>>> print(open('run.txt').read())   # compact mmCIF, N, CA, C and O atoms
# COMPACT_ATOMS: atom_id res chain seq x y z
N MET A 1 -119.63 -181.71 49.17
CA MET A 1 -118.70 -181.16 50.14
C MET A 1 -118.37 -182.23 51.17
O MET A 1 -119.25 -182.86 51.73
N GLY A 2 -117.10 -182.46 51.43
CA GLY A 2 -116.70 -183.45 52.40
C GLY A 2 -116.54 -182.85 53.79
O GLY A 2 -116.19 -181.69 53.94
N TYR A 3 -116.83 -183.65 54.79
CA TYR A 3 -116.69 -183.24 56.18
C TYR A 3 -115.72 -184.19 56.86
O TYR A 3 -115.57 -185.34 56.44
N PRO A 4 -115.07 -183.74 57.93
CA PRO A 4 -114.16 -184.64 58.64
C PRO A 4 -114.87 -185.91 59.10
O PRO A 4 -116.06 -185.88 59.44
N ALA A 5 -114.14 -187.01 59.12
CA ALA A 5 -114.71 -188.28 59.57
C ALA A 5 -115.27 -188.13 60.98
O ALA A 5 -114.68 -187.44 61.82
N GLY A 6 -116.40 -188.74 61.22
CA GLY A 6 -117.01 -188.68 62.55
C GLY A 6 -117.78 -187.42 62.83
O GLY A 6 -118.17 -187.16 63.96
N THR A 7 -118.02 -186.60 61.79
CA THR A 7 -118.73 -185.34 61.97
C THR A 7 -120.18 -185.46 61.54
O THR A 7 -120.48 -185.89 60.44
N ALA A 8 -121.07 -185.05 62.42
CA ALA A 8 -122.50 -184.99 62.11
C ALA A 8 -122.83 -183.55 61.70
O ALA A 8 -122.12 -182.61 62.08
N ILE A 9 -123.91 -183.39 60.96
CA ILE A 9 -124.31 -182.07 60.46
C ILE A 9 -125.66 -181.69 61.07
O ILE A 9 -126.60 -182.48 61.05
N LEU A 10 -125.73 -180.48 61.58
CA LEU A 10 -126.95 -179.94 62.16
C LEU A 10 -127.42 -178.76 61.32
O LEU A 10 -126.62 -177.90 60.94
N SER A 11 -128.72 -178.72 61.03
CA SER A 11 -129.31 -177.60 60.31
C SER A 11 -130.79 -177.55 60.66
O SER A 11 -131.27 -178.30 61.50
N SER A 12 -131.50 -176.66 59.99
CA SER A 12 -132.95 -176.58 60.18
C SER A 12 -133.59 -176.24 58.84
O SER A 12 -132.95 -175.66 57.97
N GLU A 13 -134.85 -176.63 58.72
CA GLU A 13 -135.61 -176.34 57.51
C GLU A 13 -137.07 -176.24 57.89
O GLU A 13 -137.61 -177.17 58.50
N ASN A 14 -137.68 -175.12 57.54
CA ASN A 14 -139.07 -174.85 57.91
C ASN A 14 -139.21 -174.98 59.43
O ASN A 14 -138.54 -174.29 60.15
N ASP A 15 -140.02 -175.87 59.91
CA ASP A 15 -140.22 -176.01 61.36
C ASP A 15 -139.47 -177.20 61.94
O ASP A 15 -139.84 -177.69 63.01
N TYR A 16 -138.44 -177.68 61.25
CA TYR A 16 -137.75 -178.89 61.68
C TYR A 16 -136.26 -178.69 61.89
O TYR A 16 -135.60 -177.94 61.16
N THR A 17 -135.73 -179.40 62.87
CA THR A 17 -134.30 -179.55 63.08
C THR A 17 -133.88 -180.78 62.28
O THR A 17 -134.59 -181.78 62.28
N ILE A 18 -132.74 -180.70 61.63
CA ILE A 18 -132.23 -181.81 60.85
C ILE A 18 -130.84 -182.17 61.37
O ILE A 18 -129.96 -181.31 61.45
N PHE A 19 -130.68 -183.44 61.73
CA PHE A 19 -129.40 -183.95 62.22
C PHE A 19 -129.00 -185.10 61.31
O PHE A 19 -129.73 -186.09 61.20
N LYS A 20 -127.85 -184.95 60.63
CA LYS A 20 -127.40 -185.95 59.66
C LYS A 20 -126.08 -186.55 60.11
O LYS A 20 -125.16 -185.83 60.51
N PHE A 21 -126.00 -187.87 60.00
CA PHE A 21 -124.73 -188.56 60.21
C PHE A 21 -124.72 -189.81 59.34
O PHE A 21 -125.64 -190.63 59.41
N GLY A 22 -123.69 -189.91 58.52
CA GLY A 22 -123.61 -191.03 57.59
C GLY A 22 -124.83 -191.01 56.68
O GLY A 22 -125.17 -189.97 56.12
N ASN A 23 -125.52 -192.13 56.58
CA ASN A 23 -126.71 -192.19 55.73
C ASN A 23 -128.00 -192.01 56.54
O ASN A 23 -129.09 -192.20 56.02
N GLN A 24 -127.87 -191.64 57.81
CA GLN A 24 -129.03 -191.41 58.68
C GLN A 24 -129.39 -189.92 58.70
O GLN A 24 -128.51 -189.07 58.83
N VAL A 25 -130.68 -189.63 58.59
CA VAL A 25 -131.18 -188.26 58.69
C VAL A 25 -132.31 -188.25 59.71
O VAL A 25 -133.32 -188.93 59.52
N LEU A 26 -132.13 -187.50 60.78
CA LEU A 26 -133.17 -187.34 61.79
C LEU A 26 -133.83 -185.98 61.58
O LEU A 26 -133.14 -184.97 61.50
N ARG A 27 -135.14 -185.97 61.48
CA ARG A 27 -135.91 -184.72 61.36
C ARG A 27 -136.89 -184.69 62.51
O ARG A 27 -137.66 -185.63 62.69
N PHE A 28 -136.86 -183.60 63.28
CA PHE A 28 -137.77 -183.48 64.40
C PHE A 28 -138.14 -182.01 64.61
O PHE A 28 -137.45 -181.11 64.12
N GLN A 29 -139.22 -181.79 65.31
CA GLN A 29 -139.77 -180.45 65.52
C GLN A 29 -138.71 -179.51 66.09
O GLN A 29 -138.08 -179.82 67.08
N ALA A 30 -138.55 -178.36 65.45
CA ALA A 30 -137.61 -177.34 65.90
C ALA A 30 -138.28 -176.44 66.94
O ALA A 30 -139.51 -176.38 67.02
N PRO A 31 -137.48 -175.74 67.73
CA PRO A 31 -138.06 -174.79 68.69
C PRO A 31 -138.87 -173.70 67.98
O PRO A 31 -138.59 -173.34 66.84
N TYR A 32 -139.81 -173.16 68.69
CA TYR A 32 -140.68 -172.11 68.17
C TYR A 32 -139.87 -170.94 67.62
O TYR A 32 -138.95 -170.48 68.26
N SER A 33 -140.21 -170.46 66.47
CA SER A 33 -139.67 -169.29 65.77
C SER A 33 -138.18 -169.38 65.42
O SER A 33 -137.55 -168.38 65.15
N LEU A 34 -137.63 -170.60 65.38
CA LEU A 34 -136.23 -170.76 65.00
C LEU A 34 -136.02 -170.31 63.57
O LEU A 34 -136.75 -170.72 62.67
N GLU A 35 -135.04 -169.45 63.36
CA GLU A 35 -134.63 -169.08 62.00
C GLU A 35 -133.52 -170.01 61.53
O GLU A 35 -133.59 -170.54 60.44
N LYS A 36 -132.47 -170.15 62.37
CA LYS A 36 -131.37 -171.04 62.00
C LYS A 36 -130.45 -171.24 63.20
O LYS A 36 -130.43 -170.45 64.14
N TYR A 37 -129.68 -172.32 63.10
CA TYR A 37 -128.62 -172.56 64.08
C TYR A 37 -127.38 -171.82 63.61
O TYR A 37 -127.09 -171.77 62.42
N ILE A 38 -126.64 -171.25 64.55
CA ILE A 38 -125.50 -170.41 64.23
C ILE A 38 -124.17 -171.11 64.51
O ILE A 38 -123.26 -171.07 63.69
N GLU A 39 -124.06 -171.75 65.68
CA GLU A 39 -122.78 -172.30 66.11
C GLU A 39 -123.01 -173.45 67.10
O GLU A 39 -123.88 -173.36 67.96
N VAL A 40 -122.21 -174.50 66.97
CA VAL A 40 -122.22 -175.57 67.96
C VAL A 40 -121.20 -175.20 69.03
O VAL A 40 -120.02 -175.02 68.74
N LYS A 41 -121.67 -175.08 70.26
CA LYS A 41 -120.78 -174.73 71.36
C LYS A 41 -120.22 -175.98 72.05
O LYS A 41 -119.10 -175.96 72.54
N GLU A 42 -121.04 -177.05 72.07
CA GLU A 42 -120.59 -178.26 72.76
C GLU A 42 -121.33 -179.48 72.22
O GLU A 42 -122.53 -179.41 71.94
N TRP A 43 -120.60 -180.57 72.09
CA TRP A 43 -121.17 -181.87 71.74
C TRP A 43 -120.79 -182.83 72.85
O TRP A 43 -119.62 -183.01 73.15
N ASP A 44 -121.79 -183.43 73.47
CA ASP A 44 -121.53 -184.36 74.56
C ASP A 44 -122.33 -185.64 74.33
O ASP A 44 -123.33 -185.90 75.01
N GLN A 45 -121.92 -186.39 73.33
CA GLN A 45 -122.49 -187.70 73.01
C GLN A 45 -124.02 -187.75 73.08
O GLN A 45 -124.59 -188.55 73.82
N GLY A 46 -124.66 -186.90 72.33
CA GLY A 46 -126.12 -186.91 72.25
C GLY A 46 -126.76 -185.64 72.77
O GLY A 46 -127.94 -185.41 72.57
N TYR A 47 -125.98 -184.83 73.44
CA TYR A 47 -126.48 -183.57 73.97
C TYR A 47 -125.69 -182.45 73.29
O TYR A 47 -124.47 -182.45 73.31
N ILE A 48 -126.42 -181.52 72.67
CA ILE A 48 -125.78 -180.45 71.89
C ILE A 48 -126.16 -179.10 72.47
O ILE A 48 -127.34 -178.83 72.71
N VAL A 49 -125.15 -178.25 72.66
CA VAL A 49 -125.39 -176.87 73.04
C VAL A 49 -125.07 -176.03 71.81
O VAL A 49 -123.97 -176.12 71.26
N VAL A 50 -126.05 -175.24 71.35
CA VAL A 50 -125.87 -174.45 70.13
C VAL A 50 -126.31 -173.00 70.37
O VAL A 50 -127.09 -172.72 71.28
N MET A 51 -125.82 -172.14 69.53
CA MET A 51 -126.34 -170.78 69.46
C MET A 51 -127.33 -170.77 68.29
O MET A 51 -127.06 -171.35 67.24
N ALA A 52 -128.47 -170.13 68.52
CA ALA A 52 -129.53 -170.13 67.52
C ALA A 52 -130.10 -168.73 67.35
O ALA A 52 -130.09 -167.92 68.28
N LYS A 53 -130.61 -168.47 66.17
CA LYS A 53 -131.26 -167.19 65.86
C LYS A 53 -132.76 -167.45 65.77
O LYS A 53 -133.21 -168.34 65.05
N TYR A 54 -133.54 -166.64 66.53
CA TYR A 54 -134.99 -166.74 66.54
C TYR A 54 -135.61 -165.46 65.98
O TYR A 54 -135.05 -164.38 66.12
N ARG A 55 -136.77 -165.59 65.37
CA ARG A 55 -137.46 -164.44 64.78
C ARG A 55 -137.85 -163.39 65.83
O ARG A 55 -137.88 -162.21 65.54
N HIS A 56 -138.14 -163.82 67.03
CA HIS A 56 -138.64 -162.90 68.06
C HIS A 56 -137.54 -162.20 68.85
O HIS A 56 -137.83 -161.42 69.75
N ASN A 57 -136.26 -162.45 68.52
CA ASN A 57 -135.16 -161.86 69.27
C ASN A 57 -134.07 -161.40 68.32
O ASN A 57 -133.66 -162.16 67.44
N ASP A 58 -133.56 -160.20 68.52
CA ASP A 58 -132.48 -159.68 67.68
C ASP A 58 -131.14 -160.34 67.99
O ASP A 58 -130.24 -160.35 67.16
N LYS A 59 -131.01 -160.88 69.20
CA LYS A 59 -129.75 -161.49 69.62
C LYS A 59 -129.84 -163.01 69.52
O LYS A 59 -130.91 -163.58 69.67
N ASN A 60 -128.70 -163.64 69.29
CA ASN A 60 -128.66 -165.10 69.28
C ASN A 60 -128.87 -165.62 70.69
O ASN A 60 -128.49 -164.97 71.66
N GLU A 61 -129.46 -166.82 70.79
CA GLU A 61 -129.74 -167.42 72.09
C GLU A 61 -129.09 -168.80 72.17
O GLU A 61 -128.99 -169.50 71.17
N GLU A 62 -128.71 -169.19 73.38
CA GLU A 62 -128.20 -170.53 73.59
C GLU A 62 -129.38 -171.50 73.62
O GLU A 62 -130.39 -171.23 74.25
N GLU A 63 -129.23 -172.60 72.93
CA GLU A 63 -130.29 -173.61 72.82
C GLU A 63 -129.68 -174.97 73.14
O GLU A 63 -128.50 -175.20 72.92
N TYR A 64 -130.50 -175.88 73.64
CA TYR A 64 -130.04 -177.21 74.03
C TYR A 64 -130.85 -178.26 73.26
O TYR A 64 -132.07 -178.19 73.23
N ILE A 65 -130.15 -179.21 72.67
CA ILE A 65 -130.79 -180.29 71.93
C ILE A 65 -130.36 -181.62 72.55
O ILE A 65 -129.17 -181.90 72.65
N ASP A 66 -131.34 -182.40 72.96
CA ASP A 66 -131.08 -183.72 73.52
C ASP A 66 -131.58 -184.76 72.52
O ASP A 66 -132.78 -184.87 72.27
N LEU A 67 -130.66 -185.49 71.92
CA LEU A 67 -131.02 -186.47 70.89
C LEU A 67 -131.58 -187.77 71.46
O LEU A 67 -132.23 -188.53 70.74
N PHE A 68 -131.36 -188.06 72.74
CA PHE A 68 -131.80 -189.33 73.30
C PHE A 68 -133.30 -189.57 73.16
O PHE A 68 -133.71 -190.65 72.71
N PRO A 69 -134.17 -188.61 73.51
CA PRO A 69 -135.61 -188.86 73.33
C PRO A 69 -136.00 -189.06 71.86
O PRO A 69 -136.89 -189.85 71.56
N VAL A 70 -135.34 -188.34 70.96
CA VAL A 70 -135.63 -188.47 69.53
C VAL A 70 -135.27 -189.88 69.06
O VAL A 70 -136.06 -190.55 68.39
N LEU A 71 -134.08 -190.32 69.43
CA LEU A 71 -133.64 -191.66 69.03
C LEU A 71 -134.54 -192.74 69.62
O LEU A 71 -134.87 -193.72 68.95
N GLU A 72 -134.95 -192.55 70.87
CA GLU A 72 -135.83 -193.52 71.52
C GLU A 72 -137.17 -193.63 70.79
O GLU A 72 -137.66 -194.72 70.55
N LEU A 73 -137.75 -192.48 70.41
CA LEU A 73 -139.02 -192.49 69.69
C LEU A 73 -138.91 -193.18 68.33
O LEU A 73 -139.89 -193.73 67.82
N LEU A 74 -137.72 -193.13 67.74
CA LEU A 74 -137.50 -193.75 66.43
C LEU A 74 -136.99 -195.19 66.55
O LEU A 74 -136.65 -195.81 65.54
N TYR A 75 -136.93 -195.70 67.77
CA TYR A 75 -136.45 -197.07 68.02
C TYR A 75 -135.03 -197.28 67.49
O TYR A 75 -134.70 -198.34 66.96
N ILE A 76 -134.19 -196.25 67.66
CA ILE A 76 -132.78 -196.33 67.27
C ILE A 76 -131.96 -196.48 68.54
O ILE A 76 -132.14 -195.73 69.50
N ASP A 77 -131.05 -197.44 68.55
CA ASP A 77 -130.16 -197.65 69.69
C ASP A 77 -129.23 -196.44 69.81
O ASP A 77 -128.35 -196.23 68.97
N ALA A 78 -129.43 -195.64 70.85
CA ALA A 78 -128.68 -194.39 71.02
C ALA A 78 -127.19 -194.63 71.13
O ALA A 78 -126.39 -193.93 70.49
N ASP A 79 -126.78 -195.61 71.93
CA ASP A 79 -125.35 -195.88 72.10
C ASP A 79 -124.69 -196.23 70.78
O ASP A 79 -123.62 -195.71 70.45
N GLU A 80 -125.32 -197.09 70.01
CA GLU A 80 -124.77 -197.51 68.71
C GLU A 80 -124.73 -196.34 67.72
O GLU A 80 -123.75 -196.15 67.01
N PHE A 81 -125.81 -195.55 67.67
CA PHE A 81 -125.88 -194.44 66.73
C PHE A 81 -124.88 -193.34 67.08
O PHE A 81 -124.23 -192.77 66.20
N LEU A 82 -124.75 -193.01 68.36
CA LEU A 82 -123.93 -191.87 68.78
C LEU A 82 -122.44 -192.18 68.92
O LEU A 82 -121.62 -191.26 68.80
N LYS A 83 -122.09 -193.43 69.14
CA LYS A 83 -120.70 -193.79 69.41
C LYS A 83 -119.70 -193.28 68.37
O LYS A 83 -118.66 -192.73 68.73
N PRO A 84 -119.95 -193.41 67.07
CA PRO A 84 -118.95 -192.96 66.09
C PRO A 84 -118.92 -191.44 65.86
O PRO A 84 -118.03 -190.95 65.17
N ILE A 85 -119.85 -190.70 66.44
CA ILE A 85 -119.89 -189.25 66.21
C ILE A 85 -118.88 -188.56 67.12
O ILE A 85 -118.96 -188.64 68.34
N LYS A 86 -117.93 -187.88 66.52
CA LYS A 86 -116.87 -187.19 67.25
C LYS A 86 -117.14 -185.70 67.41
O LYS A 86 -116.56 -185.04 68.27
N GLY A 87 -117.99 -185.16 66.55
CA GLY A 87 -118.31 -183.74 66.62
C GLY A 87 -119.49 -183.41 65.73
O GLY A 87 -119.95 -184.24 64.95
N VAL A 88 -120.00 -182.19 65.89
CA VAL A 88 -121.15 -181.72 65.13
C VAL A 88 -120.83 -180.35 64.58
O VAL A 88 -120.24 -179.51 65.27
N MET A 89 -121.20 -180.11 63.33
CA MET A 89 -121.05 -178.78 62.76
C MET A 89 -122.33 -178.34 62.08
O MET A 89 -123.17 -179.17 61.72
N ILE A 90 -122.48 -177.04 61.95
CA ILE A 90 -123.65 -176.45 61.30
C ILE A 90 -123.36 -176.35 59.80
O ILE A 90 -122.28 -175.92 59.40
N ALA A 91 -124.32 -176.75 58.99
CA ALA A 91 -124.19 -176.60 57.54
C ALA A 91 -125.56 -176.44 56.93
O ALA A 91 -126.48 -177.21 57.23
N TYR A 92 -125.70 -175.43 56.11
CA TYR A 92 -126.92 -175.18 55.36
C TYR A 92 -126.61 -175.20 53.88
O TYR A 92 -125.53 -174.78 53.46
N GLY A 93 -127.60 -175.65 53.09
CA GLY A 93 -127.44 -175.58 51.64
C GLY A 93 -127.00 -176.79 51.01
O GLY A 93 -126.61 -177.71 50.85
>>> encode(input="run.txt", output="structure tokens")
Amino acid sequence: MGYPAGTAILSSENDYTIFKFGNQVLRFQAPYSLEKYIEVKEWDQGYIVVMAKYRHNDKNEEEYIDLFPVLELLYIDADEFLKPIKGVMIAYG
């Protein structure tokens, strides 16, 4: 399946958040009891606001993901990695 140029993909699997862009895949600990991400509300060059579904709540909740600490721990230059990303979408499967 093709995605628009400059689009990163956000999903989750087991206890991990997965962020994919190009041939890079970042996997990091997901929030407690996350079932899945539902919708990207905002992308701000490394900061993502999403709606998420959790096992402990019947309603979706707003969640915040900051990629800067993840990139720093992986010794990835955040400016270089994030610059070509124009948007983020949710995709599972």
>>> closest_residue(input="run.txt", among="A:Ile18, A:Ala8, A:Ile85, A:Ile76", to="A:Gly46", atoms="only N, CA, C and O atoms")
A:Ile85
>>> atom_distance(input="run.txt", atom1="atom O of A:Leu82", atom2="atom O of A:Phe28")
19.4 Å
>>> atom_distance(input="run.txt", atom1="atom CA of A:Tyr54", atom2="atom CA of A:Pro31")
8.9 Å
>>> select_by_dssp(input="run.txt", residues="chain A", states="strand (DSSP E or B)", output="PyMOL selection string")
chain A and resi 7-13+16-21+24-29+34-44+47-54+61-66+87-90
>>> residues_around(input="run.txt", residues="A:Val40", least_positions_apart="4", cutoff="6 Å", atoms="all atoms listed in the file", output="list of chain:residue names")
A:Val49, A:Val50, A:Met51, A:Val88, A:Ile90
>>> closest_residue(input="run.txt", among="A:Pro4, A:Leu67, A:Pro84, A:Glu61", to="A:Gln29", atoms="only C-alpha atoms")
A:Leu67
>>> atom_distance(input="run.txt", atom1="atom CA of A:Asp15", atom2="atom CA of A:Glu42")
22.8 Å
>>> select_by_dssp(input="run.txt", residues="chain A", states="helix (DSSP H, G or I)", output="PDB file with N, CA, C and O atoms, keeping the file's coordinate frame")
ATOM      1  N   LEU A  67    -130.660-185.490  71.920  1.00  0.00           N
ATOM      2  CA  LEU A  67    -131.020-186.470  70.890  1.00  0.00           C
ATOM      3  C   LEU A  67    -131.580-187.770  71.460  1.00  0.00           C
ATOM      4  O   LEU A  67    -132.230-188.530  70.740  1.00  0.00           O
ATOM      5  N   PHE A  68    -131.360-188.060  72.740  1.00  0.00           N
ATOM      6  CA  PHE A  68    -131.800-189.330  73.300  1.00  0.00           C
ATOM      7  C   PHE A  68    -133.300-189.570  73.160  1.00  0.00           C
ATOM      8  O   PHE A  68    -133.710-190.650  72.710  1.00  0.00           O
ATOM      9  N   PRO A  69    -134.170-188.610  73.510  1.00  0.00           N
ATOM     10  CA  PRO A  69    -135.610-188.860  73.330  1.00  0.00           C
ATOM     11  C   PRO A  69    -136.000-189.060  71.860  1.00  0.00           C
ATOM     12  O   PRO A  69    -136.890-189.850  71.560  1.00  0.00           O
ATOM     13  N   VAL A  70    -135.340-188.340  70.960  1.00  0.00           N
ATOM     14  CA  VAL A  70    -135.630-188.470  69.530  1.00  0.00           C
ATOM     15  C   VAL A  70    -135.270-189.880  69.060  1.00  0.00           C
ATOM     16  O   VAL A  70    -136.060-190.550  68.390  1.00  0.00           O
ATOM     17  N   LEU A  71    -134.080-190.320  69.430  1.00  0.00           N
ATOM     18  CA  LEU A  71    -133.640-191.660  69.030  1.00  0.00           C
ATOM     19  C   LEU A  71    -134.540-192.740  69.620  1.00  0.00           C
ATOM     20  O   LEU A  71    -134.870-193.720  68.950  1.00  0.00           O
ATOM     21  N   GLU A  72    -134.950-192.550  70.870  1.00  0.00           N
ATOM     22  CA  GLU A  72    -135.830-193.520  71.520  1.00  0.00           C
ATOM     23  C   GLU A  72    -137.170-193.630  70.790  1.00  0.00           C
ATOM     24  O   GLU A  72    -137.660-194.720  70.550  1.00  0.00           O
ATOM     25  N   LEU A  73    -137.750-192.480  70.410  1.00  0.00           N
ATOM     26  CA  LEU A  73    -139.020-192.490  69.690  1.00  0.00           C
ATOM     27  C   LEU A  73    -138.910-193.180  68.330  1.00  0.00           C
ATOM     28  O   LEU A  73    -139.890-193.730  67.820  1.00  0.00           O
ATOM     29  N   ALA A  78    -129.430-195.640  70.850  1.00  0.00           N
ATOM     30  CA  ALA A  78    -128.680-194.390  71.020  1.00  0.00           C
ATOM     31  C   ALA A  78    -127.190-194.630  71.130  1.00  0.00           C
ATOM     32  O   ALA A  78    -126.390-193.930  70.490  1.00  0.00           O
ATOM     33  N   ASP A  79    -126.780-195.610  71.930  1.00  0.00           N
ATOM     34  CA  ASP A  79    -125.350-195.880  72.100  1.00  0.00           C
ATOM     35  C   ASP A  79    -124.690-196.230  70.780  1.00  0.00           C
ATOM     36  O   ASP A  79    -123.620-195.710  70.450  1.00  0.00           O
ATOM     37  N   GLU A  80    -125.320-197.090  70.010  1.00  0.00           N
ATOM     38  CA  GLU A  80    -124.770-197.510  68.710  1.00  0.00           C
ATOM     39  C   GLU A  80    -124.730-196.340  67.720  1.00  0.00           C
ATOM     40  O   GLU A  80    -123.750-196.150  67.010  1.00  0.00           O
ATOM     41  N   PHE A  81    -125.810-195.550  67.670  1.00  0.00           N
ATOM     42  CA  PHE A  81    -125.880-194.440  66.730  1.00  0.00           C
ATOM     43  C   PHE A  81    -124.880-193.340  67.080  1.00  0.00           C
ATOM     44  O   PHE A  81    -124.230-192.770  66.200  1.00  0.00           O
ATOM     45  N   LEU A  82    -124.750-193.010  68.360  1.00  0.00           N
ATOM     46  CA  LEU A  82    -123.930-191.870  68.780  1.00  0.00           C
ATOM     47  C   LEU A  82    -122.440-192.180  68.920  1.00  0.00           C
ATOM     48  O   LEU A  82    -121.620-191.260  68.800  1.00  0.00           O
TER      49      LEU A  82
END
>>> closest_residue(input="run.txt", among="A:Ala91, A:Leu10, A:Leu26, A:Ala5", to="A:Phe68", atoms="only C-alpha atoms")
A:Leu26
>>> residues_around(input="run.txt", residues="A:Arg27", least_positions_apart="3", cutoff="12 Å", atoms="only C-alpha atoms", output="ChimeraX atom specification")
/A:9-21,24,30,67,70-71,73-74
>>> write_last_selection(input="run.txt", atoms="N, CA, C and O atoms", output="mmCIF file, keeping the file's coordinate frame")
data_model
loop_
_atom_site.group_PDB
_atom_site.id
_atom_site.type_symbol
_atom_site.label_atom_id
_atom_site.label_comp_id
_atom_site.auth_asym_id
_atom_site.auth_seq_id
_atom_site.Cartn_x
_atom_site.Cartn_y
_atom_site.Cartn_z
ATOM 1 N N ILE A 9 -123.910 -183.390 60.960
ATOM 2 C CA ILE A 9 -124.310 -182.070 60.460
ATOM 3 C C ILE A 9 -125.660 -181.690 61.070
ATOM 4 O O ILE A 9 -126.600 -182.480 61.050
ATOM 5 N N LEU A 10 -125.730 -180.480 61.580
ATOM 6 C CA LEU A 10 -126.950 -179.940 62.160
ATOM 7 C C LEU A 10 -127.420 -178.760 61.320
ATOM 8 O O LEU A 10 -126.620 -177.900 60.940
ATOM 9 N N SER A 11 -128.720 -178.720 61.030
ATOM 10 C CA SER A 11 -129.310 -177.600 60.310
ATOM 11 C C SER A 11 -130.790 -177.550 60.660
ATOM 12 O O SER A 11 -131.270 -178.300 61.500
ATOM 13 N N SER A 12 -131.500 -176.660 59.990
ATOM 14 C CA SER A 12 -132.950 -176.580 60.180
ATOM 15 C C SER A 12 -133.590 -176.240 58.840
ATOM 16 O O SER A 12 -132.950 -175.660 57.970
ATOM 17 N N GLU A 13 -134.850 -176.630 58.720
ATOM 18 C CA GLU A 13 -135.610 -176.340 57.510
ATOM 19 C C GLU A 13 -137.070 -176.240 57.890
ATOM 20 O O GLU A 13 -137.610 -177.170 58.500
ATOM 21 N N ASN A 14 -137.680 -175.120 57.540
ATOM 22 C CA ASN A 14 -139.070 -174.850 57.910
ATOM 23 C C ASN A 14 -139.210 -174.980 59.430
ATOM 24 O O ASN A 14 -138.540 -174.290 60.150
ATOM 25 N N ASP A 15 -140.020 -175.870 59.910
ATOM 26 C CA ASP A 15 -140.220 -176.010 61.360
ATOM 27 C C ASP A 15 -139.470 -177.200 61.940
ATOM 28 O O ASP A 15 -139.840 -177.690 63.010
ATOM 29 N N TYR A 16 -138.440 -177.680 61.250
ATOM 30 C CA TYR A 16 -137.750 -178.890 61.680
ATOM 31 C C TYR A 16 -136.260 -178.690 61.890
ATOM 32 O O TYR A 16 -135.600 -177.940 61.160
ATOM 33 N N THR A 17 -135.730 -179.400 62.870
ATOM 34 C CA THR A 17 -134.300 -179.550 63.080
ATOM 35 C C THR A 17 -133.880 -180.780 62.280
ATOM 36 O O THR A 17 -134.590 -181.780 62.280
ATOM 37 N N ILE A 18 -132.740 -180.700 61.630
ATOM 38 C CA ILE A 18 -132.230 -181.810 60.850
ATOM 39 C C ILE A 18 -130.840 -182.170 61.370
ATOM 40 O O ILE A 18 -129.960 -181.310 61.450
ATOM 41 N N PHE A 19 -130.680 -183.440 61.730
ATOM 42 C CA PHE A 19 -129.400 -183.950 62.220
ATOM 43 C C PHE A 19 -129.000 -185.100 61.310
ATOM 44 O O PHE A 19 -129.730 -186.090 61.200
ATOM 45 N N LYS A 20 -127.850 -184.950 60.630
ATOM 46 C CA LYS A 20 -127.400 -185.950 59.660
ATOM 47 C C LYS A 20 -126.080 -186.550 60.110
ATOM 48 O O LYS A 20 -125.160 -185.830 60.510
ATOM 49 N N PHE A 21 -126.000 -187.870 60.000
ATOM 50 C CA PHE A 21 -124.730 -188.560 60.210
ATOM 51 C C PHE A 21 -124.720 -189.810 59.340
ATOM 52 O O PHE A 21 -125.640 -190.630 59.410
ATOM 53 N N GLN A 24 -127.870 -191.640 57.810
ATOM 54 C CA GLN A 24 -129.030 -191.410 58.680
ATOM 55 C C GLN A 24 -129.390 -189.920 58.700
ATOM 56 O O GLN A 24 -128.510 -189.070 58.830
ATOM 57 N N ALA A 30 -138.550 -178.360 65.450
ATOM 58 C CA ALA A 30 -137.610 -177.340 65.900
ATOM 59 C C ALA A 30 -138.280 -176.440 66.940
ATOM 60 O O ALA A 30 -139.510 -176.380 67.020
ATOM 61 N N LEU A 67 -130.660 -185.490 71.920
ATOM 62 C CA LEU A 67 -131.020 -186.470 70.890
ATOM 63 C C LEU A 67 -131.580 -187.770 71.460
ATOM 64 O O LEU A 67 -132.230 -188.530 70.740
ATOM 65 N N VAL A 70 -135.340 -188.340 70.960
ATOM 66 C CA VAL A 70 -135.630 -188.470 69.530
ATOM 67 C C VAL A 70 -135.270 -189.880 69.060
ATOM 68 O O VAL A 70 -136.060 -190.550 68.390
ATOM 69 N N LEU A 71 -134.080 -190.320 69.430
ATOM 70 C CA LEU A 71 -133.640 -191.660 69.030
ATOM 71 C C LEU A 71 -134.540 -192.740 69.620
ATOM 72 O O LEU A 71 -134.870 -193.720 68.950
ATOM 73 N N LEU A 73 -137.750 -192.480 70.410
ATOM 74 C CA LEU A 73 -139.020 -192.490 69.690
ATOM 75 C C LEU A 73 -138.910 -193.180 68.330
ATOM 76 O O LEU A 73 -139.890 -193.730 67.820
ATOM 77 N N LEU A 74 -137.720 -193.130 67.740
ATOM 78 C CA LEU A 74 -137.500 -193.750 66.430
ATOM 79 C C LEU A 74 -136.990 -195.190 66.550
ATOM 80 O O LEU A 74 -136.650 -195.810 65.540
#
>>> closest_residue(input="run.txt", among="A:Thr7, A:Glu39, A:Gln45, A:Glu63", to="A:Asp79", atoms="only N, CA, C and O atoms")
A:Gln45
